[in-house]
$ cat protein08.cif   # mmCIF, C-alpha atoms
data_work
loop_
_atom_site.label_atom_id
_atom_site.label_comp_id
_atom_site.auth_asym_id
_atom_site.auth_seq_id
_atom_site.Cartn_x
_atom_site.Cartn_y
_atom_site.Cartn_z
CA MET I 25 12.70 0.99 1.25
CA LEU I 26 15.28 -1.82 0.92
CA GLU I 27 13.25 -3.88 3.39
CA ILE I 28 10.19 -3.54 1.15
CA LEU I 29 12.20 -4.39 -1.98
CA LEU I 30 13.45 -7.63 -0.39
CA ASN I 31 9.96 -8.51 0.87
CA ARG I 32 9.06 -11.88 -0.70
CA LYS I 33 5.49 -10.73 -1.20
CA VAL I 34 6.54 -7.59 -3.09
CA LEU I 35 9.48 -8.96 -5.11
CA PRO I 36 7.52 -10.65 -7.96
CA LEU I 37 5.50 -7.47 -8.63
CA SER I 38 8.64 -5.34 -8.41
CA LEU I 39 10.45 -7.40 -11.05
CA SER I 40 7.34 -7.66 -13.21
CA SER I 41 6.91 -3.89 -13.08
CA LEU I 42 10.56 -3.23 -13.93
CA ILE I 43 10.46 -5.45 -17.02
CA SER I 44 7.03 -4.51 -18.38
CA LYS I 45 7.47 -0.79 -17.80
CA THR I 46 10.83 -0.82 -19.59
CA GLY I 47 8.94 -2.14 -22.59
CA ASP I 48 6.15 0.39 -21.99
CA PHE I 49 8.44 3.40 -22.05
CA ALA I 50 10.20 2.16 -25.16
CA HIS I 51 6.75 1.63 -26.68
CA ASP I 52 5.62 5.16 -25.75
CA VAL I 53 8.56 6.70 -27.62
CA VAL I 54 8.13 4.56 -30.72
CA PHE I 55 4.35 5.09 -30.71
CA VAL I 56 4.91 8.84 -30.96
CA LEU I 57 7.49 8.38 -33.72
CA ILE I 58 5.17 6.08 -35.71
CA THR I 59 2.24 8.50 -35.23
CA ILE I 60 4.37 11.42 -36.41
CA GLU I 61 5.45 9.32 -39.41
CA LEU I 62 1.89 8.33 -40.36
CA LEU I 63 0.46 11.84 -39.88
CA SER I 64 3.42 13.83 -41.24
CA ALA I 65 3.80 15.65 -37.89
CA ASP I 66 0.30 17.22 -37.98
CA ILE I 67 -0.10 18.38 -34.36
CA PHE I 68 -3.88 18.77 -34.55
CA MET I 69 -4.42 15.27 -35.96
CA MET I 70 -1.99 13.86 -33.39
CA GLY I 71 -4.22 15.42 -30.75
CA VAL I 72 -7.20 13.61 -32.23
CA VAL I 73 -5.32 10.28 -32.19
CA TYR I 74 -4.31 10.90 -28.60
CA PHE I 75 -7.94 11.63 -27.67
CA LEU I 76 -9.20 8.43 -29.29
CA ARG I 77 -6.39 6.42 -27.71
CA PHE I 78 -7.71 7.12 -24.21
CA ILE I 79 -11.43 6.81 -24.86
CA PRO I 80 -11.59 3.30 -23.24
CA TYR I 81 -10.83 4.86 -19.86
CA LEU I 82 -14.27 6.51 -19.89
CA PHE I 83 -15.93 3.10 -19.75
CA LEU I 84 -13.35 0.75 -18.31
CA GLY I 85 -11.86 2.92 -15.55
CA PRO I 86 -14.84 2.41 -13.20
CA ILE I 87 -15.00 -1.28 -14.15
CA GLY I 88 -11.30 -1.70 -13.33
CA GLY I 89 -11.77 -0.14 -9.90
CA TRP I 90 -14.86 -2.26 -9.19
CA LEU I 91 -13.13 -5.49 -10.23
CA SER I 92 -10.12 -4.58 -8.09
CA ASP I 93 -12.26 -4.38 -4.95
CA ILE I 94 -14.08 -7.64 -5.71
CA PHE I 95 -11.71 -10.12 -7.37
CA PRO I 96 -8.08 -11.20 -6.75
CA HIS I 97 -5.68 -8.58 -8.11
CA LYS I 98 -3.26 -11.22 -9.38
CA ASN I 99 -5.75 -12.80 -11.79
CA ILE I 100 -6.78 -9.47 -13.30
CA MET I 101 -3.19 -8.28 -13.74
CA ILE I 102 -2.14 -11.51 -15.48
CA ALA I 103 -5.12 -11.44 -17.85
CA ASN I 104 -4.46 -7.86 -18.89
CA ASP I 105 -0.73 -8.39 -19.40
CA ILE I 106 -1.60 -11.29 -21.72
CA LEU I 107 -3.94 -8.98 -23.65
CA ARG I 108 -1.24 -6.31 -24.04
CA CYS I 109 1.36 -8.90 -25.03
CA VAL I 110 -0.84 -10.11 -27.91
CA VAL I 111 -1.86 -6.61 -29.06
CA THR I 112 1.72 -5.34 -29.11
CA PHE I 113 2.85 -8.37 -31.10
CA LEU I 114 0.10 -7.73 -33.67
CA MET I 115 1.18 -4.09 -33.87
CA PHE I 116 4.73 -5.27 -34.55
CA THR I 117 3.70 -7.67 -37.31
CA THR I 118 1.46 -5.14 -39.11
CA TYR I 119 4.10 -2.40 -38.97
CA ILE I 120 6.98 -4.55 -40.19
CA SER I 121 4.83 -5.92 -43.03
CA GLY I 122 3.78 -2.42 -44.12
CA LEU I 123 0.10 -2.97 -43.30
CA LEU I 124 -0.11 -0.54 -40.37
CA ASN I 125 -2.08 2.64 -41.02
CA ILE I 126 -3.38 5.32 -38.69
CA TYR I 127 -6.77 3.60 -38.25
CA ILE I 128 -5.26 0.25 -37.27
CA LEU I 129 -2.83 2.09 -34.97
CA ILE I 130 -5.75 3.79 -33.19
CA ILE I 131 -7.53 0.44 -32.68
CA PHE I 132 -4.39 -1.16 -31.26
CA SER I 133 -3.75 1.82 -28.99
CA MET I 134 -7.32 1.68 -27.66
CA LEU I 135 -6.91 -2.02 -26.85
CA MET I 136 -3.67 -1.23 -25.01
CA THR I 137 -5.50 1.45 -23.05
CA ALA I 138 -8.25 -1.04 -22.21
CA GLY I 139 -5.66 -3.38 -20.71
CA ARG I 140 -4.02 -0.58 -18.78
CA SER I 141 -7.33 0.74 -17.40
CA LEU I 142 -8.17 -2.67 -15.92
CA PHE I 143 -4.60 -3.38 -14.75
CA GLN I 144 -3.74 -0.16 -12.91
CA PRO I 145 -6.39 -0.17 -10.12
CA CYS I 146 -5.31 -3.70 -9.15
CA PHE I 147 -1.65 -2.75 -9.31
CA ARG I 148 -2.18 0.25 -7.02
CA ALA I 149 -4.56 -1.53 -4.64
CA TRP I 150 -2.33 -4.59 -4.20
CA LEU I 151 0.49 -2.88 -2.26
CA PRO I 152 -1.60 -1.89 0.81
CA THR I 153 -2.59 -5.58 1.15
CA ALA I 154 1.07 -6.60 1.43
CA ILE I 155 2.64 -3.95 3.69
CA ASP I 156 1.67 -1.81 6.70
CA LYS I 157 0.02 1.56 6.17
CA LYS I 158 3.02 3.39 7.69
CA GLN I 159 5.22 1.83 5.00
CA LEU I 160 3.09 3.11 2.10
CA PRO I 161 5.16 6.26 1.31
CA ALA I 162 8.33 4.15 1.15
CA GLY I 163 6.53 1.46 -0.84
CA ASN I 164 5.16 3.99 -3.32
CA SER I 165 8.63 5.54 -3.59
CA LEU I 166 10.03 2.11 -4.41
CA PHE I 167 7.57 1.55 -7.25
CA GLN I 168 8.10 5.11 -8.46
CA ILE I 169 11.85 4.47 -8.59
CA ILE I 170 11.20 1.22 -10.50
CA GLU I 171 9.04 3.15 -12.95
CA ASP I 172 11.67 5.87 -13.25
CA VAL I 173 14.50 3.41 -13.84
CA SER I 174 12.32 1.84 -16.53
CA SER I 175 11.68 5.25 -18.03
CA ILE I 176 15.46 5.63 -18.42
CA SER I 177 16.15 2.18 -19.81
CA GLY I 178 13.07 2.11 -22.08
CA PRO I 179 13.87 5.20 -24.21
CA LEU I 180 17.58 4.27 -24.26
CA VAL I 181 16.77 0.79 -25.54
CA CYS I 182 14.45 2.39 -28.09
CA SER I 183 17.24 4.68 -29.30
CA VAL I 184 19.73 1.80 -29.52
CA ILE I 185 17.29 -0.34 -31.51
CA ILE I 186 16.60 2.55 -33.92
CA ILE I 187 20.36 3.02 -34.42
CA ILE I 188 20.92 -0.70 -35.05
CA SER I 189 17.77 -1.63 -36.91
CA ASP I 190 14.21 -0.31 -37.20
CA LYS I 191 11.45 1.09 -34.98
CA ALA I 192 9.35 -2.05 -35.46
CA TRP I 193 11.63 -4.13 -33.25
CA VAL I 194 10.87 -1.88 -30.28
CA LEU I 195 7.30 -3.17 -30.44
CA LEU I 196 8.55 -6.77 -30.36
CA LEU I 197 10.61 -5.91 -27.27
CA ASP I 198 7.47 -4.59 -25.57
CA SER I 199 5.56 -7.77 -26.38
CA ILE I 200 8.34 -9.90 -24.90
CA SER I 201 8.41 -7.73 -21.76
CA TYR I 202 4.71 -8.44 -21.15
CA PHE I 203 5.29 -12.18 -21.63
CA LEU I 204 8.04 -12.13 -18.98
CA SER I 205 5.82 -10.02 -16.71
CA VAL I 206 3.09 -12.68 -16.85
CA ILE I 207 5.57 -15.36 -15.77
CA LEU I 208 6.63 -13.29 -12.76
CA LEU I 209 3.07 -12.42 -11.77
CA ILE I 210 2.29 -16.13 -11.50
CA PHE I 211 4.45 -16.12 -8.34
CA LEU I 212 2.57 -13.18 -6.81
CA GLN I 213 0.60 -13.85 -3.64
CA LYS I 214 -3.12 -13.87 -4.37
CA ASN I 215 -5.25 -11.62 -2.18
CA PRO I 216 -8.64 -13.14 -1.25
CA SER I 217 -11.79 -12.04 -3.05
CA SER I 218 -13.74 -9.41 -1.16
CA SER I 219 -17.10 -10.54 -2.44
CA HIS I 220 -18.79 -13.10 -4.63
CA ARG I 221 -21.16 -10.66 -6.28
CA ALA I 222 -21.88 -11.34 -9.92
CA PHE I 223 -20.58 -8.79 -12.38
CA SER I 224 -23.15 -6.19 -13.36
CA LEU I 225 -22.35 -3.24 -15.61
CA SER I 226 -25.24 -1.22 -14.22
CA ARG I 227 -24.06 -1.97 -10.66
CA VAL I 228 -20.54 -0.79 -11.51
CA PHE I 229 -21.69 2.61 -12.74
CA PHE I 230 -24.27 2.95 -9.98
CA ASP I 231 -21.55 2.27 -7.40
CA THR I 232 -19.27 4.77 -9.15
CA LYS I 233 -21.93 7.48 -9.02
CA LEU I 234 -22.60 6.68 -5.37
CA SER I 235 -18.87 6.79 -4.58
CA ILE I 236 -18.51 10.24 -6.15
CA CYS I 237 -21.44 11.61 -4.15
CA THR I 238 -20.21 10.00 -0.92
CA MET I 239 -16.67 11.23 -1.46
CA HIS I 240 -17.88 14.77 -2.14
CA ARG I 241 -19.85 14.81 1.13
CA HIS I 242 -17.64 12.81 3.49
CA ASN I 243 -14.10 12.79 2.06
CA LYS I 244 -13.59 16.27 0.67
CA LYS I 245 -9.79 16.16 0.76
CA LEU I 246 -9.65 13.07 -1.42
CA PHE I 247 -12.28 14.56 -3.74
CA LYS I 248 -10.15 17.68 -4.19
CA VAL I 249 -7.02 15.58 -4.78
CA ILE I 250 -8.74 13.71 -7.61
CA ILE I 251 -10.38 16.75 -9.19
CA GLY I 252 -7.30 18.97 -8.84
CA THR I 253 -4.94 16.36 -10.25
CA SER I 254 -7.27 15.60 -13.16
CA LEU I 255 -7.43 19.31 -14.01
CA CYS I 256 -3.63 19.54 -14.04
CA VAL I 257 -3.40 16.40 -16.18
CA LEU I 258 -5.66 18.10 -18.74
CA PHE I 259 -2.82 20.51 -19.49
CA THR I 260 0.09 18.12 -18.86
CA ALA I 261 -0.47 14.86 -20.70
CA ALA I 262 -0.25 15.99 -24.31
CA LEU I 263 2.79 18.16 -23.56
CA LEU I 264 4.62 15.21 -22.09
CA ARG I 265 3.43 12.58 -24.57
CA TYR I 266 3.77 14.23 -27.96
CA VAL I 267 4.29 18.04 -27.90
CA LEU I 268 7.72 17.68 -26.28
CA PRO I 269 8.98 14.97 -28.68
CA ALA I 270 7.44 16.79 -31.66
CA SER I 271 9.24 19.99 -30.58
CA ILE I 272 12.53 18.13 -30.27
CA LEU I 273 12.13 16.70 -33.77
CA ALA I 274 11.09 20.06 -35.21
CA ILE I 275 14.04 21.93 -33.70
CA TYR I 276 16.83 19.33 -33.72
CA GLY I 277 15.59 16.81 -36.33
CA ASP I 278 16.95 13.71 -34.62
CA GLU I 279 14.74 10.75 -33.59
CA LYS I 280 17.46 9.33 -31.33
CA LEU I 281 17.56 12.59 -29.36
CA VAL I 282 13.93 12.03 -28.31
CA GLY I 283 14.93 8.82 -26.53
CA TYR I 284 17.94 10.49 -24.90
CA ILE I 285 15.88 13.45 -23.65
CA TYR I 286 13.30 11.17 -22.08
CA SER I 287 16.06 9.15 -20.41
CA ILE I 288 17.49 12.35 -18.92
CA MET I 289 14.03 13.25 -17.63
CA ALA I 290 13.74 9.79 -16.14
CA ALA I 291 17.11 10.19 -14.41
CA GLY I 292 15.63 13.23 -12.69
CA THR I 293 12.61 11.20 -11.61
CA VAL I 294 14.85 8.50 -10.12
CA VAL I 295 16.56 11.12 -7.97
CA GLY I 296 13.16 12.54 -7.05
CA GLY I 297 11.85 9.10 -6.07
CA ILE I 298 14.91 8.36 -3.92
CA SER I 299 14.69 11.80 -2.28
CA TYR I 300 10.94 11.78 -1.64
CA THR I 301 10.89 10.47 1.93
CA PHE I 302 13.73 12.85 2.84
CA ILE I 303 12.22 16.07 1.49
CA ILE I 304 8.49 15.34 1.96
CA LYS I 305 7.81 14.63 5.62
CA HIS I 306 4.01 14.72 5.43
CA THR I 307 2.09 13.97 2.25
CA THR I 308 -1.05 16.14 2.06
CA PRO I 309 -3.41 17.45 -0.63
CA LEU I 310 -1.98 20.96 -0.19
CA GLN I 311 1.59 19.68 -0.61
CA LEU I 312 0.50 17.83 -3.75
CA MET I 313 -0.96 20.95 -5.38
CA LYS I 314 2.15 22.99 -4.54
CA SER I 315 4.20 20.26 -6.21
CA TRP I 316 1.93 20.48 -9.27
CA MET I 317 2.54 24.23 -9.46
CA ILE I 318 6.31 23.75 -9.40
CA TYR I 319 5.94 21.10 -12.11
CA GLY I 320 4.05 23.56 -14.31
CA PHE I 321 6.77 26.19 -13.96
CA MET I 322 9.43 23.59 -14.81
CA PHE I 323 7.53 22.80 -18.01
CA LEU I 324 7.42 26.50 -18.82
CA LEU I 325 11.21 26.76 -18.47
CA VAL I 326 11.62 23.74 -20.77
CA SER I 327 9.33 25.33 -23.40
CA ILE I 328 11.54 28.43 -23.43
CA ALA I 329 14.94 26.74 -23.21
CA ILE I 330 14.26 24.22 -25.99
CA LYS I 331 14.25 27.01 -28.57
CA PHE I 332 17.63 28.44 -27.59
CA SER I 333 19.92 25.93 -25.89
CA LEU I 334 20.13 22.15 -25.83
CA MET I 335 22.26 22.24 -22.68
CA ALA I 336 19.73 24.40 -20.81
CA THR I 337 16.97 22.12 -22.06
CA VAL I 338 18.75 19.09 -20.62
CA ILE I 339 19.09 20.78 -17.21
CA PHE I 340 15.44 21.82 -17.04
CA ILE I 341 14.30 18.42 -18.34
CA ALA I 342 16.13 16.75 -15.44
CA LEU I 343 14.47 19.17 -12.98
CA LEU I 344 11.12 18.48 -14.65
CA GLY I 345 11.61 14.77 -14.04
CA PHE I 346 12.55 15.41 -10.38
CA SER I 347 9.42 17.47 -9.72
CA GLY I 348 7.29 14.96 -11.65
CA ALA I 349 8.38 12.15 -9.32
CA ILE I 350 7.31 14.19 -6.29
CA VAL I 351 3.91 14.75 -7.92
CA ASP I 352 3.40 11.09 -8.86
CA ILE I 353 4.30 9.67 -5.45
CA SER I 354 2.18 12.29 -3.69
CA ILE I 355 -0.87 11.46 -5.81
CA ILE I 356 -0.79 7.73 -5.04
CA THR I 357 0.05 8.21 -1.35
CA ASN I 358 -2.82 10.67 -0.92
CA ILE I 359 -5.31 8.29 -2.55
CA GLN I 360 -4.11 5.35 -0.44
CA SER I 361 -4.00 7.24 2.87
CA LEU I 362 -7.29 9.11 2.39
CA SER I 363 -9.36 6.17 1.10
CA PHE I 364 -11.72 4.40 3.45
CA LYS I 365 -11.42 0.65 4.01
CA ASN I 366 -12.30 -1.57 1.01
CA GLU I 367 -12.54 1.45 -1.31
CA MET I 368 -8.93 1.66 -2.49
CA GLY I 369 -9.44 0.03 -5.88
CA LYS I 370 -12.72 1.84 -6.50
CA ASN I 371 -11.20 5.23 -5.65
CA TYR I 372 -8.18 4.58 -7.82
CA GLY I 373 -10.48 3.44 -10.63
CA LEU I 374 -12.43 6.69 -10.28
CA PHE I 375 -9.20 8.68 -10.30
CA SER I 376 -7.96 6.77 -13.35
CA THR I 377 -11.21 7.44 -15.18
CA LEU I 378 -11.21 11.19 -14.53
CA ALA I 379 -7.47 11.68 -14.97
CA ASN I 380 -7.30 9.67 -18.18
CA THR I 381 -10.40 11.34 -19.57
CA CYS I 382 -8.58 14.62 -19.03
CA GLU I 383 -5.49 13.02 -20.56
CA SER I 384 -7.43 12.21 -23.71
CA LEU I 385 -8.96 15.69 -23.81
CA SER I 386 -5.46 17.11 -23.37
CA GLY I 387 -4.65 16.02 -26.90
CA LEU I 388 -7.63 17.89 -28.31
CA ALA I 389 -6.97 20.95 -26.15
CA THR I 390 -3.36 21.14 -27.25
CA GLY I 391 -4.28 20.53 -30.88
CA ILE I 392 -6.82 23.37 -30.83
CA LEU I 393 -4.43 25.65 -28.96
CA SER I 394 -1.67 24.92 -31.48
CA VAL I 395 -3.98 26.27 -34.19
CA ILE I 396 -4.78 29.39 -32.13
CA ALA I 397 -1.48 30.13 -30.41
CA GLY I 398 0.96 28.53 -32.85
CA GLY I 399 4.47 28.29 -31.45
CA PHE I 400 3.37 29.64 -28.05
CA ALA I 401 1.04 26.69 -27.34
CA PHE I 402 3.76 24.82 -25.41
CA SER I 403 4.35 27.71 -23.00
CA VAL I 404 0.66 28.55 -22.61
CA MET I 405 -0.23 24.96 -21.65
CA ALA I 406 2.61 24.96 -19.10
CA LEU I 407 1.19 28.12 -17.53
CA PHE I 408 -2.24 26.49 -17.38
CA ILE I 409 -0.77 23.65 -15.28
CA ALA I 410 0.58 26.11 -12.71
CA ALA I 411 -2.62 28.17 -12.77
CA SER I 412 -4.81 25.09 -12.21
CA ALA I 413 -2.70 24.05 -9.22
CA GLY I 414 -2.91 27.60 -7.86
CA ILE I 415 -6.71 27.52 -8.02
CA MET I 416 -6.82 24.23 -6.10
CA ILE I 417 -4.38 25.56 -3.49
CA SER I 418 -6.73 28.45 -2.76
CA LYS I 419 -9.62 25.99 -2.34
CA LEU I 420 -7.64 23.63 -0.14
CA GLN I 421 -6.39 26.31 2.24
CA GLY I 422 -9.85 26.47 3.77
CA VAL I 423 -9.91 22.70 4.38
CA LYS I 424 -8.44 21.43 7.62
CA GLU I 425 -5.66 18.89 6.99
#
$ encode --input "protein08.cif" --output "structure tokens"
Amino acid sequence: MLEILLNRKVLPLSLSSLISKTGDFAHDVVFVLITIELLSADIFMMGVVYFLRFIPYLFLGPIGGWLSDIFPHKNIMIANDILRCVVTFLMFTTYISGLLNIYILIIFSMLMTAGRSLFQPCFRAWLPTAIDKKQLPAGNSLFQIIEDVSSISGPLVCSVIIIISDKAWVLLLDSISYFLSVILLIFLQKNPSSSHRAFSLSRVFFDTKLSICTMHRHNKKLFKVIIGTSLCVLFTAALLRYVLPASILAIYGDEKLVGYIYSIMAAGTVVGGISYTFIIKHTTPLQLMKSWMIYGFMFLLVSIAIKFSLMATVIFIALLGFSGAIVDISIITNIQSLSFKNEMGKNYGLFSTLANTCESLSGLATGILSVIAGGFAFSVMALFIAASAGIMISKLQGVKE
């Protein structure tokens, strides 16, 4: 892993990722706090906002994957970091001036999602162009550790800024982090274009439909990885993004504690990322779904502990982060290792589209469930994660690894 970190080809993207994701994780915390503030902690309406926030993935996910397989990754990543830098700065200025309302917040969040949906396929597809296939698990572990370190520093920085000043300045920090990321990405090695085909929206969606059909017939393991993970995300995303912080605020009433809890979770993910190559000897679809099941049960323990003991909550949150790192690395490694040549970006774009569609629907599902199940919604959604993974395990057991 150290060899990959010191690789001159990988270093600019590593540093760019560390800086921009620190801003991202700080942004994620403050976005939830601002949404709670604007909606007076209405869980159902927060679910609606969360749904609308991820709508761009439905349209731009396939486009991001298609562009990744056709054009240089470097150019696309720089363009989308510039977009997110500008949008975050505008969010900062409207909030600090008192002009930000829930409708403007939704528009800004959708633009951020648009940038992310075009950026991520290139980010994930770039690594296999720079290192050998046998190094991919270690390379993915490295970037997972970078993300996890950022997920510690981001919420901590957010908490410190809130203590010293105001939530608005967290948004300015995020904008600056994107600006620095763009500078670093300029030094990234440019991969050659795969084709000179002109962009065609109809061609993108035709290719996406064809890829799904081809994958279902000829790459069943990858198909099950994408479908199974997307199903688990349906019951995970909203819990992680806003049900958990809303529960912390409802029970303990401290905004700073939200940042601290997420930093503790991130500490667990760092340990998980470092440990991955030691405890997972062979990354497979079946191993991934077993990891998802464990993750669901960890969430269930958090949902119970949070009502009775802060100390127990901290312990289970750290374990949740550990198991989450195993899941995240396994997802990316499976997609990379199971994808056919020249289909990496397209397959990741397809995965991003389905997973993030489920992520947006997760907000609505949790909002509706909160109306039906009340205080038990947290625990029920956690059980659904484990149950979904269990269903996919039973389907995968008949597929030869």
$ atom_distance --input "protein08.cif" --atom1 "CA of Ile353 in chain I" --atom2 "CA of Ser165 in chain I"
6.3 Å
$ residues_near_point --input "protein08.cif" --point "(1.7, 19.2, -4.0)" --cutoff "9 Å" --atoms "all atoms listed in the file" --output "PyMOL selection string"
chain I and resi 307-318+350-351+354-355+413+417
$ atom_distance --input "protein08.cif" --atom1 "CA of Met134 in chain I" --atom2 "CA of Met115 in chain I"
12.0 Å
$ axis_aligned_box --input "protein08.cif" --around "range 127-146 of chain I" --padding-each-side "5 Å" --output "JSON"
{"center_x": -5.5, "center_y": 0.0, "center_z": -23.7, "size_x": 15.4, "size_y": 17.5, "size_z": 39.1}
$ closest_residue --input "protein08.cif" --among "I:Asn104, I:Ser299, I:Thr337, I:Thr381" --to "Leu209 in chain I" --atoms "all atoms listed in the file"
I:Asn104
$ residues_near_point --input "protein08.cif" --point "(-9.1, 14.4, -28.7)" --cutoff "8 Å" --atoms "all atoms listed in the file" --output "number ranges by chain"
I: 71-76, 384-389
$ resolve_selection --input "protein08.cif" --expression "the PyMOL selection byres ((chain I and resi 202) around 10)" --output "NGL selection string"
:I and (40-41 or 43-48 or 102 or 104-110 or 112 or 197-201 or 203-208)
$ residues_around --input "protein08.cif" --residues "Thr260 in chain I" --least-positions-apart "3" --cutoff "12 Å" --atoms "all atoms listed in the file" --output "mmCIF file with C-alpha atoms, in the coordinates of the input"
data_model
loop_
_atom_site.group_PDB
_atom_site.id
_atom_site.type_symbol
_atom_site.label_atom_id
_atom_site.label_comp_id
_atom_site.auth_asym_id
_atom_site.auth_seq_id
_atom_site.Cartn_x
_atom_site.Cartn_y
_atom_site.Cartn_z
ATOM 1 C CA THR I 253 -4.940 16.360 -10.250
ATOM 2 C CA SER I 254 -7.270 15.600 -13.160
ATOM 3 C CA LEU I 255 -7.430 19.310 -14.010
ATOM 4 C CA CYS I 256 -3.630 19.540 -14.040
ATOM 5 C CA VAL I 257 -3.400 16.400 -16.180
ATOM 6 C CA LEU I 263 2.790 18.160 -23.560
ATOM 7 C CA LEU I 264 4.620 15.210 -22.090
ATOM 8 C CA ARG I 265 3.430 12.580 -24.570
ATOM 9 C CA TYR I 266 3.770 14.230 -27.960
ATOM 10 C CA VAL I 267 4.290 18.040 -27.900
ATOM 11 C CA LEU I 268 7.720 17.680 -26.280
ATOM 12 C CA TRP I 316 1.930 20.480 -9.270
ATOM 13 C CA MET I 317 2.540 24.230 -9.460
ATOM 14 C CA TYR I 319 5.940 21.100 -12.110
ATOM 15 C CA GLY I 320 4.050 23.560 -14.310
ATOM 16 C CA PHE I 321 6.770 26.190 -13.960
ATOM 17 C CA MET I 322 9.430 23.590 -14.810
ATOM 18 C CA PHE I 323 7.530 22.800 -18.010
ATOM 19 C CA LEU I 324 7.420 26.500 -18.820
ATOM 20 C CA LEU I 344 11.120 18.480 -14.650
ATOM 21 C CA GLY I 348 7.290 14.960 -11.650
ATOM 22 C CA ALA I 379 -7.470 11.680 -14.970
ATOM 23 C CA ASN I 380 -7.300 9.670 -18.180
ATOM 24 C CA CYS I 382 -8.580 14.620 -19.030
ATOM 25 C CA GLU I 383 -5.490 13.020 -20.560
ATOM 26 C CA SER I 384 -7.430 12.210 -23.710
ATOM 27 C CA LEU I 385 -8.960 15.690 -23.810
ATOM 28 C CA SER I 386 -5.460 17.110 -23.370
ATOM 29 C CA GLY I 387 -4.650 16.020 -26.900
ATOM 30 C CA ALA I 389 -6.970 20.950 -26.150
ATOM 31 C CA THR I 390 -3.360 21.140 -27.250
ATOM 32 C CA PHE I 402 3.760 24.820 -25.410
ATOM 33 C CA SER I 403 4.350 27.710 -23.000
ATOM 34 C CA VAL I 404 0.660 28.550 -22.610
ATOM 35 C CA MET I 405 -0.230 24.960 -21.650
ATOM 36 C CA ALA I 406 2.610 24.960 -19.100
ATOM 37 C CA LEU I 407 1.190 28.120 -17.530
ATOM 38 C CA PHE I 408 -2.240 26.490 -17.380
ATOM 39 C CA ILE I 409 -0.770 23.650 -15.280
ATOM 40 C CA ALA I 410 0.580 26.110 -12.710
ATOM 41 C CA SER I 412 -4.810 25.090 -12.210
ATOM 42 C CA ALA I 413 -2.700 24.050 -9.220
#
$ resolve_selection --input "protein08.cif" --expression "the PyMOL selection byres ((chain I and resi 81) around 8)" --output "ChimeraX atom specification"
/I:78-80,82-85,137-138,141,376-377,380-381
$ write_last_selection --input "protein08.cif" --atoms "C-alpha atoms" --output "PDB file, in the coordinates of the input"
ATOM      1  CA  PHE I  78      -7.710   7.120 -24.210  1.00  0.00           C
ATOM      2  CA  ILE I  79     -11.430   6.810 -24.860  1.00  0.00           C
ATOM      3  CA  PRO I  80     -11.590   3.300 -23.240  1.00  0.00           C
ATOM      4  CA  LEU I  82     -14.270   6.510 -19.890  1.00  0.00           C
ATOM      5  CA  PHE I  83     -15.930   3.100 -19.750  1.00  0.00           C
ATOM      6  CA  LEU I  84     -13.350   0.750 -18.310  1.00  0.00           C
ATOM      7  CA  GLY I  85     -11.860   2.920 -15.550  1.00  0.00           C
ATOM      8  CA  THR I 137      -5.500   1.450 -23.050  1.00  0.00           C
ATOM      9  CA  ALA I 138      -8.250  -1.040 -22.210  1.00  0.00           C
ATOM     10  CA  SER I 141      -7.330   0.740 -17.400  1.00  0.00           C
ATOM     11  CA  SER I 376      -7.960   6.770 -13.350  1.00  0.00           C
ATOM     12  CA  THR I 377     -11.210   7.440 -15.180  1.00  0.00           C
ATOM     13  CA  ASN I 380      -7.300   9.670 -18.180  1.00  0.00           C
ATOM     14  CA  THR I 381     -10.400  11.340 -19.570  1.00  0.00           C
TER      15      THR I 381
END
$ closest_residue --input "protein08.cif" --among "I:Leu142, I:Leu212, I:Leu129, I:Met136" --to "Leu91 in chain I" --atoms "all atoms listed in the file"
I:Leu142
$ resolve_selection --input "protein08.cif" --expression "the PyMOL selection byres ((chain I and resi 339-343) around 12)" --output "PyMOL selection string"
chain I and resi 172+176+264+268+282+284-296+318-330+333-338+344-350
$ atom_distance --input "protein08.cif" --atom1 "CA of Leu362 in chain I" --atom2 "CA of Lys245 in chain I"
7.7 Å
$ residues_around --input "protein08.cif" --residues "Gly122 in chain I" --least-positions-apart "6" --cutoff "12 Å" --atoms "only C-alpha atoms" --output "PyMOL selection string"
chain I and resi 62+115-116+128+192
$ closest_residue --input "protein08.cif" --among "I:Ser183, I:Gln421, I:Asn164, I:Ser133" --to "Ile298 in chain I" --atoms "all atoms listed in the file"
I:Asn164
$ residues_around --input "protein08.cif" --residues "Ser174 in chain I" --least-positions-apart "3" --cutoff "7 Å" --atoms "all atoms listed in the file" --output "PDB file with C-alpha atoms, in the coordinates of the input"
ATOM      1  CA  LEU I  42      10.560  -3.230 -13.930  1.00  0.00           C
ATOM      2  CA  LYS I  45       7.470  -0.790 -17.800  1.00  0.00           C
ATOM      3  CA  THR I  46      10.830  -0.820 -19.590  1.00  0.00           C
ATOM      4  CA  PHE I  49       8.440   3.400 -22.050  1.00  0.00           C
ATOM      5  CA  ILE I 170      11.200   1.220 -10.500  1.00  0.00           C
ATOM      6  CA  GLU I 171       9.040   3.150 -12.950  1.00  0.00           C
ATOM      7  CA  SER I 177      16.150   2.180 -19.810  1.00  0.00           C
ATOM      8  CA  GLY I 178      13.070   2.110 -22.080  1.00  0.00           C
TER       9      GLY I 178
END
$ closest_residue --input "protein08.cif" --among "I:Ala262, I:Ile169, I:Ile359, I:Ile187" --to "Tyr300 in chain I" --atoms "all atoms listed in the file"
I:Ile169
$ closest_residue --input "protein08.cif" --among "I:Ser363, I:Ala411, I:Ile303, I:Pro36" --to "Lys244 in chain I" --atoms "all atoms listed in the file"
I:Ser363
